[in-house]
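Shown here: query.cif, mmCIF, N, CA and C atoms.
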```
data_run
loop_
_atom_site.group_PDB
_atom_site.id
_atom_site.type_symbol
_atom_site.label_atom_id
_atom_site.label_comp_id
_atom_site.auth_asym_id
_atom_site.auth_seq_id
_atom_site.Cartn_x
_atom_site.Cartn_y
_atom_site.Cartn_z
ATOM 1 N N MET O 1 -14.791 -2.881 12.554
ATOM 2 C CA MET O 1 -15.404 -2.352 11.347
ATOM 3 C C MET O 1 -15.151 -0.844 11.264
ATOM 4 N N SER O 2 -15.034 -0.380 10.049
ATOM 5 C CA SER O 2 -14.853 1.035 9.792
ATOM 6 C C SER O 2 -16.055 1.558 9.031
ATOM 7 N N GLU O 3 -16.320 2.841 9.157
ATOM 8 C CA GLU O 3 -17.368 3.447 8.353
ATOM 9 C C GLU O 3 -16.719 4.033 7.116
ATOM 10 N N LEU O 4 -17.229 3.655 5.994
ATOM 11 C CA LEU O 4 -16.642 4.032 4.724
ATOM 12 C C LEU O 4 -17.692 4.742 3.886
ATOM 13 N N THR O 5 -17.375 5.952 3.428
ATOM 14 C CA THR O 5 -18.258 6.665 2.520
ATOM 15 C C THR O 5 -17.633 6.613 1.141
ATOM 16 N N LEU O 6 -18.346 6.015 0.204
ATOM 17 C CA LEU O 6 -17.892 5.905 -1.178
ATOM 18 C C LEU O 6 -18.841 6.721 -2.045
ATOM 19 N N THR O 7 -18.303 7.661 -2.790
ATOM 20 C CA THR O 7 -19.123 8.473 -3.682
ATOM 21 C C THR O 7 -18.796 8.100 -5.114
ATOM 22 N N ALA O 8 -19.818 7.657 -5.829
ATOM 23 C CA ALA O 8 -19.658 7.251 -7.223
ATOM 24 C C ALA O 8 -20.835 7.775 -8.021
ATOM 25 N N ARG O 9 -20.548 8.325 -9.175
ATOM 26 C CA ARG O 9 -21.595 8.862 -10.062
ATOM 27 C C ARG O 9 -22.513 9.843 -9.344
ATOM 28 N N GLY O 10 -21.923 10.634 -8.449
ATOM 29 C CA GLY O 10 -22.675 11.671 -7.759
ATOM 30 C C GLY O 10 -23.505 11.216 -6.575
ATOM 31 N N GLU O 11 -23.443 9.944 -6.238
ATOM 32 C CA GLU O 11 -24.218 9.424 -5.114
ATOM 33 C C GLU O 11 -23.288 8.875 -4.039
ATOM 34 N N ALA O 12 -23.558 9.233 -2.782
ATOM 35 C CA ALA O 12 -22.744 8.775 -1.660
ATOM 36 C C ALA O 12 -23.363 7.528 -1.031
ATOM 37 N N TYR O 13 -22.528 6.569 -0.744
ATOM 38 C CA TYR O 13 -22.943 5.321 -0.101
ATOM 39 C C TYR O 13 -22.120 5.184 1.177
ATOM 40 N N VAL O 14 -22.784 4.958 2.295
ATOM 41 C CA VAL O 14 -22.085 4.730 3.562
ATOM 42 C C VAL O 14 -22.227 3.253 3.896
ATOM 43 N N VAL O 15 -21.088 2.588 3.990
ATOM 44 C CA VAL O 15 -21.084 1.144 4.222
ATOM 45 C C VAL O 15 -20.042 0.787 5.277
ATOM 46 N N PRO O 16 -20.278 -0.302 5.999
ATOM 47 C CA PRO O 16 -19.222 -0.793 6.888
ATOM 48 C C PRO O 16 -18.180 -1.495 6.027
ATOM 49 N N ALA O 17 -16.950 -1.401 6.412
ATOM 50 C CA ALA O 17 -15.899 -2.051 5.630
ATOM 51 C C ALA O 17 -14.974 -2.822 6.555
ATOM 52 N N GLU O 18 -14.695 -4.038 6.202
ATOM 53 C CA GLU O 18 -13.769 -4.843 6.983
ATOM 54 C C GLU O 18 -12.343 -4.439 6.647
ATOM 55 N N LEU O 19 -11.476 -4.585 7.614
ATOM 56 C CA LEU O 19 -10.071 -4.270 7.387
ATOM 57 C C LEU O 19 -9.488 -5.202 6.340
ATOM 58 N N ASP O 20 -8.528 -4.686 5.594
ATOM 59 C CA ASP O 20 -7.772 -5.418 4.578
ATOM 60 C C ASP O 20 -8.570 -5.837 3.347
ATOM 61 N N GLU O 21 -9.728 -5.250 3.118
ATOM 62 C CA GLU O 21 -10.469 -5.461 1.875
ATOM 63 C C GLU O 21 -10.194 -4.289 0.958
ATOM 64 N N THR O 22 -10.011 -4.542 -0.336
ATOM 65 C CA THR O 22 -9.810 -3.421 -1.247
ATOM 66 C C THR O 22 -11.119 -2.670 -1.443
ATOM 67 N N ILE O 23 -10.998 -1.425 -1.842
ATOM 68 C CA ILE O 23 -12.179 -0.599 -2.082
ATOM 69 C C ILE O 23 -13.017 -1.180 -3.213
ATOM 70 N N VAL O 24 -12.375 -1.694 -4.234
ATOM 71 C CA VAL O 24 -13.118 -2.317 -5.337
ATOM 72 C C VAL O 24 -13.948 -3.495 -4.814
ATOM 73 N N LYS O 25 -13.377 -4.317 -3.962
ATOM 74 C CA LYS O 25 -14.120 -5.463 -3.415
ATOM 75 C C LYS O 25 -15.280 -5.004 -2.538
ATOM 76 N N VAL O 26 -15.072 -3.956 -1.756
ATOM 77 C CA VAL O 26 -16.149 -3.413 -0.928
ATOM 78 C C VAL O 26 -17.270 -2.895 -1.823
ATOM 79 N N ALA O 27 -16.902 -2.155 -2.859
ATOM 80 C CA ALA O 27 -17.906 -1.610 -3.776
ATOM 81 C C ALA O 27 -18.689 -2.732 -4.457
ATOM 82 N N LYS O 28 -18.003 -3.761 -4.905
ATOM 83 C CA LYS O 28 -18.690 -4.897 -5.535
ATOM 84 C C LYS O 28 -19.652 -5.561 -4.561
ATOM 85 N N LYS O 29 -19.205 -5.753 -3.331
ATOM 86 C CA LYS O 29 -20.010 -6.415 -2.306
ATOM 87 C C LYS O 29 -21.312 -5.659 -2.035
ATOM 88 N N HIS O 30 -21.270 -4.326 -2.146
ATOM 89 C CA HIS O 30 -22.434 -3.494 -1.840
ATOM 90 C C HIS O 30 -23.104 -2.930 -3.098
ATOM 91 N N ALA O 31 -22.760 -3.477 -4.261
ATOM 92 C CA ALA O 31 -23.357 -3.069 -5.551
ATOM 93 C C ALA O 31 -23.220 -1.568 -5.811
ATOM 94 N N ILE O 32 -22.057 -1.027 -5.483
ATOM 95 C CA ILE O 32 -21.763 0.383 -5.743
ATOM 96 C C ILE O 32 -21.065 0.459 -7.104
ATOM 97 N N PRO O 33 -21.505 1.340 -7.983
ATOM 98 C CA PRO O 33 -20.942 1.402 -9.332
ATOM 99 C C PRO O 33 -19.542 2.017 -9.376
ATOM 100 N N TRP O 34 -18.571 1.271 -8.926
ATOM 101 C CA TRP O 34 -17.178 1.716 -8.868
ATOM 102 C C TRP O 34 -16.464 1.073 -10.049
ATOM 103 N N GLY O 35 -16.087 1.853 -11.028
ATOM 104 C CA GLY O 35 -15.464 1.306 -12.228
ATOM 105 C C GLY O 35 -14.160 0.577 -11.936
ATOM 106 N N TYR O 36 -13.960 -0.505 -12.631
ATOM 107 C CA TYR O 36 -12.720 -1.268 -12.545
ATOM 108 C C TYR O 36 -12.703 -2.242 -13.710
ATOM 109 N N ALA O 37 -11.531 -2.736 -14.043
ATOM 110 C CA ALA O 37 -11.430 -3.763 -15.084
ATOM 111 C C ALA O 37 -10.439 -4.839 -14.660
ATOM 112 N N CYS O 38 -9.237 -4.439 -14.323
ATOM 113 C CA CYS O 38 -8.186 -5.437 -14.113
ATOM 114 C C CYS O 38 -7.995 -5.862 -12.658
ATOM 115 N N GLU O 39 -8.249 -4.993 -11.711
ATOM 116 C CA GLU O 39 -8.000 -5.218 -10.270
ATOM 117 C C GLU O 39 -6.535 -5.516 -9.963
ATOM 118 N N ARG O 40 -5.631 -5.072 -10.840
ATOM 119 C CA ARG O 40 -4.198 -5.297 -10.624
ATOM 120 C C ARG O 40 -3.390 -4.008 -10.633
ATOM 121 N N GLY O 41 -4.071 -2.860 -10.728
ATOM 122 C CA GLY O 41 -3.359 -1.584 -10.714
ATOM 123 C C GLY O 41 -2.839 -1.150 -12.065
ATOM 124 N N ILE O 42 -3.391 -1.692 -13.134
ATOM 125 C CA ILE O 42 -2.906 -1.364 -14.473
ATOM 126 C C ILE O 42 -3.844 -0.421 -15.214
ATOM 127 N N CYS O 43 -5.132 -0.690 -15.186
ATOM 128 C CA CYS O 43 -6.082 0.048 -16.033
ATOM 129 C C CYS O 43 -6.436 1.432 -15.484
ATOM 130 N N ALA O 44 -6.400 1.618 -14.187
ATOM 131 C CA ALA O 44 -6.725 2.877 -13.500
ATOM 132 C C ALA O 44 -8.187 3.300 -13.652
ATOM 133 N N GLN O 45 -9.059 2.392 -14.049
ATOM 134 C CA GLN O 45 -10.487 2.729 -14.103
ATOM 135 C C GLN O 45 -11.050 2.947 -12.699
ATOM 136 N N CYS O 46 -10.340 2.468 -11.698
ATOM 137 C CA CYS O 46 -10.786 2.601 -10.313
ATOM 138 C C CYS O 46 -10.103 3.771 -9.597
ATOM 139 N N ARG O 47 -9.552 4.709 -10.374
ATOM 140 C CA ARG O 47 -8.855 5.837 -9.747
ATOM 141 C C ARG O 47 -9.772 6.493 -8.724
ATOM 142 N N THR O 48 -9.212 6.780 -7.561
ATOM 143 C CA THR O 48 -9.977 7.216 -6.400
ATOM 144 C C THR O 48 -9.308 8.420 -5.758
ATOM 145 N N LYS O 49 -10.107 9.383 -5.369
ATOM 146 C CA LYS O 49 -9.619 10.542 -4.626
ATOM 147 C C LYS O 49 -9.911 10.310 -3.152
ATOM 148 N N VAL O 50 -8.866 10.352 -2.332
ATOM 149 C CA VAL O 50 -9.039 10.210 -0.887
ATOM 150 C C VAL O 50 -9.413 11.579 -0.343
ATOM 151 N N ILE O 51 -10.645 11.703 0.126
ATOM 152 C CA ILE O 51 -11.146 12.968 0.669
ATOM 153 C C ILE O 51 -10.777 13.097 2.141
ATOM 154 N N ASP O 52 -10.936 11.994 2.877
ATOM 155 C CA ASP O 52 -10.674 12.003 4.313
ATOM 156 C C ASP O 52 -10.326 10.592 4.764
ATOM 157 N N GLY O 53 -9.464 10.490 5.767
ATOM 158 C CA GLY O 53 -9.148 9.200 6.355
ATOM 159 C C GLY O 53 -7.926 8.511 5.783
ATOM 160 N N ALA O 54 -7.039 9.248 5.152
ATOM 161 C CA ALA O 54 -5.844 8.647 4.555
ATOM 162 C C ALA O 54 -5.015 7.884 5.590
ATOM 163 N N ASP O 55 -5.076 8.324 6.844
ATOM 164 C CA ASP O 55 -4.313 7.658 7.901
ATOM 165 C C ASP O 55 -4.843 6.261 8.227
ATOM 166 N N CYS O 56 -6.025 5.925 7.739
ATOM 167 C CA CYS O 56 -6.610 4.598 7.964
ATOM 168 C C CYS O 56 -6.323 3.638 6.814
ATOM 169 N N LEU O 57 -5.593 4.108 5.814
ATOM 170 C CA LEU O 57 -5.340 3.307 4.612
ATOM 171 C C LEU O 57 -3.902 2.820 4.555
ATOM 172 N N ASN O 58 -3.702 1.769 3.751
ATOM 173 C CA ASN O 58 -2.360 1.251 3.539
ATOM 174 C C ASN O 58 -1.496 2.273 2.798
ATOM 175 N N GLU O 59 -0.209 2.046 2.803
ATOM 176 C CA GLU O 59 0.725 2.901 2.067
ATOM 177 C C GLU O 59 0.505 2.740 0.567
ATOM 178 N N ILE O 60 0.919 3.716 -0.191
ATOM 179 C CA ILE O 60 0.841 3.638 -1.653
ATOM 180 C C ILE O 60 1.652 2.433 -2.118
ATOM 181 N N THR O 61 1.058 1.661 -3.003
ATOM 182 C CA THR O 61 1.683 0.420 -3.476
ATOM 183 C C THR O 61 2.597 0.680 -4.674
ATOM 184 N N PRO O 62 3.487 -0.268 -4.979
ATOM 185 C CA PRO O 62 4.328 -0.135 -6.174
ATOM 186 C C PRO O 62 3.507 0.012 -7.456
ATOM 187 N N GLU O 63 2.353 -0.664 -7.514
ATOM 188 C CA GLU O 63 1.485 -0.550 -8.690
ATOM 189 C C GLU O 63 0.973 0.880 -8.858
ATOM 190 N N GLU O 64 0.626 1.515 -7.747
ATOM 191 C CA GLU O 64 0.155 2.900 -7.810
ATOM 192 C C GLU O 64 1.274 3.841 -8.226
ATOM 193 N N LYS O 65 2.481 3.576 -7.753
ATOM 194 C CA LYS O 65 3.627 4.407 -8.145
ATOM 195 C C LYS O 65 3.909 4.297 -9.635
ATOM 196 N N LEU O 66 3.677 3.131 -10.197
ATOM 197 C CA LEU O 66 3.887 2.948 -11.631
ATOM 198 C C LEU O 66 2.778 3.584 -12.465
ATOM 199 N N ARG O 67 1.538 3.504 -12.003
ATOM 200 C CA ARG O 67 0.388 3.926 -12.820
ATOM 201 C C ARG O 67 0.019 5.392 -12.644
ATOM 202 N N LEU O 68 0.117 5.908 -11.422
ATOM 203 C CA LEU O 68 -0.277 7.288 -11.147
ATOM 204 C C LEU O 68 0.936 8.210 -11.138
ATOM 205 N N ARG O 69 0.761 9.390 -11.720
ATOM 206 C CA ARG O 69 1.843 10.371 -11.703
ATOM 207 C C ARG O 69 2.077 10.843 -10.267
ATOM 208 N N LYS O 70 3.275 11.299 -10.006
ATOM 209 C CA LYS O 70 3.637 11.776 -8.675
ATOM 210 C C LYS O 70 2.691 12.889 -8.213
ATOM 211 N N ALA O 71 2.348 13.807 -9.114
ATOM 212 C CA ALA O 71 1.440 14.910 -8.763
ATOM 213 C C ALA O 71 0.066 14.382 -8.365
ATOM 214 N N GLU O 72 -0.401 13.326 -9.032
ATOM 215 C CA GLU O 72 -1.691 12.730 -8.670
ATOM 216 C C GLU O 72 -1.625 12.155 -7.254
ATOM 217 N N ARG O 73 -0.576 11.405 -6.983
ATOM 218 C CA ARG O 73 -0.431 10.809 -5.650
ATOM 219 C C ARG O 73 -0.342 11.884 -4.573
ATOM 220 N N GLN O 74 0.371 12.956 -4.854
ATOM 221 C CA GLN O 74 0.500 14.046 -3.888
ATOM 222 C C GLN O 74 -0.831 14.754 -3.651
ATOM 223 N N ASN O 75 -1.724 14.704 -4.626
ATOM 224 C CA ASN O 75 -3.048 15.322 -4.499
ATOM 225 C C ASN O 75 -4.099 14.362 -3.975
ATOM 226 N N GLY O 76 -3.692 13.212 -3.475
ATOM 227 C CA GLY O 76 -4.615 12.297 -2.813
ATOM 228 C C GLY O 76 -5.249 11.244 -3.692
ATOM 229 N N TYR O 77 -4.744 11.060 -4.907
ATOM 230 C CA TYR O 77 -5.315 10.037 -5.785
ATOM 231 C C TYR O 77 -4.649 8.691 -5.530
ATOM 232 N N ARG O 78 -5.471 7.668 -5.537
ATOM 233 C CA ARG O 78 -5.033 6.289 -5.347
ATOM 234 C C ARG O 78 -5.789 5.417 -6.340
ATOM 235 N N LEU O 79 -5.523 4.132 -6.312
ATOM 236 C CA LEU O 79 -6.265 3.165 -7.117
ATOM 237 C C LEU O 79 -7.129 2.332 -6.175
ATOM 238 N N GLY O 80 -8.429 2.269 -6.461
ATOM 239 C CA GLY O 80 -9.359 1.539 -5.606
ATOM 240 C C GLY O 80 -9.021 0.073 -5.441
ATOM 241 N N CYS O 81 -8.380 -0.509 -6.441
ATOM 242 C CA CYS O 81 -8.013 -1.925 -6.348
ATOM 243 C C CYS O 81 -6.789 -2.146 -5.466
ATOM 244 N N GLN O 82 -6.120 -1.073 -5.089
ATOM 245 C CA GLN O 82 -4.928 -1.171 -4.249
ATOM 246 C C GLN O 82 -5.155 -0.653 -2.833
ATOM 247 N N ILE O 83 -6.190 0.158 -2.647
ATOM 248 C CA ILE O 83 -6.470 0.744 -1.332
ATOM 249 C C ILE O 83 -7.080 -0.304 -0.414
ATOM 250 N N ARG O 84 -6.509 -0.419 0.774
ATOM 251 C CA ARG O 84 -7.038 -1.295 1.818
ATOM 252 C C ARG O 84 -7.100 -0.515 3.130
ATOM 253 N N LEU O 85 -8.153 -0.745 3.885
ATOM 254 C CA LEU O 85 -8.236 -0.145 5.212
ATOM 255 C C LEU O 85 -7.340 -0.945 6.150
ATOM 256 N N THR O 86 -6.495 -0.240 6.882
ATOM 257 C CA THR O 86 -5.576 -0.914 7.800
ATOM 258 C C THR O 86 -5.945 -0.709 9.263
ATOM 259 N N LYS O 87 -6.827 0.273 9.514
ATOM 260 C CA LYS O 87 -7.298 0.479 10.882
ATOM 261 C C LYS O 87 -8.675 1.112 10.832
ATOM 262 N N ALA O 88 -9.397 0.963 11.907
ATOM 263 C CA ALA O 88 -10.759 1.491 11.984
ATOM 264 C C ALA O 88 -10.747 3.010 11.959
ATOM 265 N N GLY O 89 -11.767 3.574 11.371
ATOM 266 C CA GLY O 89 -11.903 5.021 11.315
ATOM 267 C C GLY O 89 -12.874 5.431 10.239
ATOM 268 N N ARG O 90 -13.087 6.708 10.116
ATOM 269 C CA ARG O 90 -13.969 7.237 9.070
ATOM 270 C C ARG O 90 -13.125 7.534 7.831
ATOM 271 N N VAL O 91 -13.567 6.972 6.719
ATOM 272 C CA VAL O 91 -12.860 7.160 5.460
ATOM 273 C C VAL O 91 -13.871 7.626 4.417
ATOM 274 N N ASN O 92 -13.488 8.637 3.658
ATOM 275 C CA ASN O 92 -14.357 9.194 2.624
ATOM 276 C C ASN O 92 -13.588 9.183 1.301
ATOM 277 N N LEU O 93 -14.110 8.461 0.311
ATOM 278 C CA LEU O 93 -13.438 8.301 -0.974
ATOM 279 C C LEU O 93 -14.382 8.668 -2.115
ATOM 280 N N LEU O 94 -13.808 9.206 -3.182
ATOM 281 C CA LEU O 94 -14.556 9.611 -4.364
ATOM 282 C C LEU O 94 -14.011 8.878 -5.583
ATOM 283 N N HIS O 95 -14.873 8.152 -6.284
ATOM 284 C CA HIS O 95 -14.455 7.498 -7.527
ATOM 285 C C HIS O 95 -14.175 8.610 -8.529
ATOM 286 N N SER O 96 -12.974 8.632 -9.071
ATOM 287 C CA SER O 96 -12.549 9.733 -9.929
ATOM 288 C C SER O 96 -11.794 9.211 -11.135
ATOM 289 N N PRO O 97 -12.494 8.509 -12.036
ATOM 290 C CA PRO O 97 -11.816 7.944 -13.205
ATOM 291 C C PRO O 97 -11.362 9.054 -14.158
ATOM 292 N N TYR O 98 -10.428 8.731 -15.011
ATOM 293 C CA TYR O 98 -9.992 9.674 -16.034
ATOM 294 C C TYR O 98 -11.138 9.925 -16.994
ATOM 295 N N ARG O 99 -11.261 11.110 -17.470
ATOM 296 C CA ARG O 99 -12.321 11.463 -18.437
ATOM 297 C C ARG O 99 -11.753 11.540 -19.823
#
```
This structure in structure tokens:
Amino acid sequence: MSELTLTARGEAYVVPAELDETIVKVAKKHAIPWGYACERGICAQCRTKVIDGADCLNEITPEEKLRLRKAERQNGYRLGCQIRLTKAGRVNLLHSPYR
């Protein structure tokens, strides 16, 4: 298990997260208000800023490369529906939808 801090709507939630679960699924499981619609990497309502623990996450997916600009990816933005924990560790993520 990994310790996962998810911050949404200004509130931080610390939850255990199983490996290979998407952030959207973890948020749903723990009733965290993490916006999403499609869960396929198209809508970007689940846009997420990786604050800490990027080394514990999967590589950027083809869906993220299509939906997020290169500058966004370089600044630590990912899609919550595509992010999966690949190894145990402390991960801190911020829900950061487009305004």
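Reported to one decimal place, the separation of CA of Tyr36 in chain O from atom C of Thr48 in chain O is 12.3 Å.
Once the PyMOL selection byres ((chain O and resi 51) around 6) is applied to this file, the selection holds O:Lys49, O:Val50, O:Asp52, O:Gly53, O:Asn92, O:Leu93, O:Leu94.
In this model, the gap between atom C of Val26 in chain O and atom N of Thr86 in chain O comes to 14.1 Å.
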field: Residues returned when the PyMOL selection byres ((chain O and resi 6) around 6.5) runs on this file, as a ChimeraX atom specification
entry: /O:4-5,7-8,11-15,91-95
Those residues you just picked out, can you put them in a file as a compact mmCIF listing (two decimals), in the coordinates of the input with N, CA and C atoms?
```txt
# COMPACT_ATOMS: atom_id res chain seq x y z
N LEU O 4 -17.23 3.66 5.99
CA LEU O 4 -16.64 4.03 4.72
C LEU O 4 -17.69 4.74 3.89
N THR O 5 -17.38 5.95 3.43
CA THR O 5 -18.26 6.66 2.52
C THR O 5 -17.63 6.61 1.14
N THR O 7 -18.30 7.66 -2.79
CA THR O 7 -19.12 8.47 -3.68
C THR O 7 -18.80 8.10 -5.11
N ALA O 8 -19.82 7.66 -5.83
CA ALA O 8 -19.66 7.25 -7.22
C ALA O 8 -20.84 7.78 -8.02
N GLU O 11 -23.44 9.94 -6.24
CA GLU O 11 -24.22 9.42 -5.11
C GLU O 11 -23.29 8.88 -4.04
N ALA O 12 -23.56 9.23 -2.78
CA ALA O 12 -22.74 8.78 -1.66
C ALA O 12 -23.36 7.53 -1.03
N TYR O 13 -22.53 6.57 -0.74
CA TYR O 13 -22.94 5.32 -0.10
C TYR O 13 -22.12 5.18 1.18
N VAL O 14 -22.78 4.96 2.30
CA VAL O 14 -22.08 4.73 3.56
C VAL O 14 -22.23 3.25 3.90
N VAL O 15 -21.09 2.59 3.99
CA VAL O 15 -21.08 1.14 4.22
C VAL O 15 -20.04 0.79 5.28
N VAL O 91 -13.57 6.97 6.72
CA VAL O 91 -12.86 7.16 5.46
C VAL O 91 -13.87 7.63 4.42
N ASN O 92 -13.49 8.64 3.66
CA ASN O 92 -14.36 9.19 2.62
C ASN O 92 -13.59 9.18 1.30
N LEU O 93 -14.11 8.46 0.31
CA LEU O 93 -13.44 8.30 -0.97
C LEU O 93 -14.38 8.67 -2.12
N LEU O 94 -13.81 9.21 -3.18
CA LEU O 94 -14.56 9.61 -4.36
C LEU O 94 -14.01 8.88 -5.58
N HIS O 95 -14.87 8.15 -6.28
CA HIS O 95 -14.46 7.50 -7.53
C HIS O 95 -14.18 8.61 -8.53
```
### Task
Would you list, as a PyMOL selection string, the residues of range 7-60 of chain O that end up in helix (DSSP H, G or I) under DSSP run on this structure's backbone?
chain O and resi 23-29+54-56
Using DSSP secondary structure from the backbone, list all strand (DSSP E or B) positions within chain O, as number ranges by chain. O: 2-8, 11-17, 22, 47-52, 57, 77-79, 84-85, 90-95
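Among the candidate residues O:Arg40, O:Leu57, O:Gly35, O:Pro16, the one lying nearest to Lys87 in chain O is O:Leu57, with distances computed using all atoms listed in the file.
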From atom N of Lys25 in chain O to CA of Gly80 in chain O the spacing works out at 7.3 Å
Notebook entry, point to check: Residues at most 6 Å from Cys46 in chain O, counting all atoms listed in the file, excluding those fewer than 6 positions away in the same chain, as an MDAnalysis selection string?
Noted result: chainID O and resid 34:37 78:81 96:97
Nearby residues (all atoms listed in the file) at most 8 Å from Arg67 in chain O, same-chain spacing under 2 positions excluded, as an MDAnalysis selection string:
chainID O and resid 41:44 61:65 69:70
Completed range 16-23 of chain O (all heavy atoms) as an mmCIF file, in the coordinates of the input:
```cif
data_model
loop_
_atom_site.group_PDB
_atom_site.id
_atom_site.type_symbol
_atom_site.label_atom_id
_atom_site.label_comp_id
_atom_site.auth_asym_id
_atom_site.auth_seq_id
_atom_site.Cartn_x
_atom_site.Cartn_y
_atom_site.Cartn_z
ATOM 1 N N PRO O 16 -20.278 -0.302 5.999
ATOM 2 C CA PRO O 16 -19.222 -0.793 6.888
ATOM 3 C C PRO O 16 -18.180 -1.495 6.027
ATOM 4 O O PRO O 16 -18.513 -2.088 4.998
ATOM 5 C CB PRO O 16 -19.951 -1.786 7.796
ATOM 6 C CG PRO O 16 -21.132 -2.224 7.000
ATOM 7 C CD PRO O 16 -21.498 -1.084 6.103
ATOM 8 N N ALA O 17 -16.950 -1.401 6.412
ATOM 9 C CA ALA O 17 -15.899 -2.051 5.630
ATOM 10 C C ALA O 17 -14.974 -2.822 6.555
ATOM 11 O O ALA O 17 -14.541 -2.305 7.577
ATOM 12 C CB ALA O 17 -15.099 -1.013 4.850
ATOM 13 N N GLU O 18 -14.695 -4.038 6.202
ATOM 14 C CA GLU O 18 -13.769 -4.843 6.983
ATOM 15 C C GLU O 18 -12.343 -4.439 6.647
ATOM 16 O O GLU O 18 -12.054 -4.029 5.521
ATOM 17 C CB GLU O 18 -13.979 -6.317 6.675
ATOM 18 C CG GLU O 18 -15.336 -6.829 7.124
ATOM 19 C CD GLU O 18 -15.538 -8.285 6.772
ATOM 20 O OE1 GLU O 18 -14.550 -9.026 6.697
ATOM 21 O OE2 GLU O 18 -16.701 -8.673 6.576
ATOM 22 N N LEU O 19 -11.476 -4.585 7.614
ATOM 23 C CA LEU O 19 -10.071 -4.270 7.387
ATOM 24 C C LEU O 19 -9.488 -5.202 6.340
ATOM 25 O O LEU O 19 -9.891 -6.355 6.212
ATOM 26 C CB LEU O 19 -9.287 -4.382 8.692
ATOM 27 C CG LEU O 19 -9.707 -3.434 9.807
ATOM 28 C CD1 LEU O 19 -8.858 -3.681 11.050
ATOM 29 C CD2 LEU O 19 -9.622 -1.984 9.381
ATOM 30 N N ASP O 20 -8.528 -4.686 5.594
ATOM 31 C CA ASP O 20 -7.772 -5.418 4.578
ATOM 32 C C ASP O 20 -8.570 -5.837 3.347
ATOM 33 O O ASP O 20 -8.130 -6.687 2.597
ATOM 34 C CB ASP O 20 -7.049 -6.629 5.188
ATOM 35 C CG ASP O 20 -5.982 -6.198 6.172
ATOM 36 O OD1 ASP O 20 -5.301 -5.187 5.904
ATOM 37 O OD2 ASP O 20 -5.841 -6.843 7.213
ATOM 38 N N GLU O 21 -9.728 -5.250 3.118
ATOM 39 C CA GLU O 21 -10.469 -5.461 1.875
ATOM 40 C C GLU O 21 -10.194 -4.289 0.958
ATOM 41 O O GLU O 21 -10.155 -3.147 1.408
ATOM 42 C CB GLU O 21 -11.984 -5.513 2.144
ATOM 43 C CG GLU O 21 -12.522 -6.888 2.313
ATOM 44 C CD GLU O 21 -14.047 -6.887 2.308
ATOM 45 O OE1 GLU O 21 -14.665 -6.264 1.430
ATOM 46 O OE2 GLU O 21 -14.597 -7.508 3.212
ATOM 47 N N THR O 22 -10.011 -4.542 -0.336
ATOM 48 C CA THR O 22 -9.810 -3.421 -1.247
ATOM 49 C C THR O 22 -11.119 -2.670 -1.443
ATOM 50 O O THR O 22 -12.204 -3.225 -1.255
ATOM 51 C CB THR O 22 -9.284 -3.870 -2.625
ATOM 52 O OG1 THR O 22 -10.310 -4.585 -3.316
ATOM 53 C CG2 THR O 22 -8.021 -4.692 -2.511
ATOM 54 N N ILE O 23 -10.998 -1.425 -1.842
ATOM 55 C CA ILE O 23 -12.179 -0.599 -2.082
ATOM 56 C C ILE O 23 -13.017 -1.180 -3.213
ATOM 57 O O ILE O 23 -14.246 -1.188 -3.147
ATOM 58 C CB ILE O 23 -11.763 0.859 -2.379
ATOM 59 C CG1 ILE O 23 -11.057 1.456 -1.156
ATOM 60 C CG2 ILE O 23 -12.959 1.703 -2.796
ATOM 61 C CD1 ILE O 23 -11.784 1.305 0.169
#
```
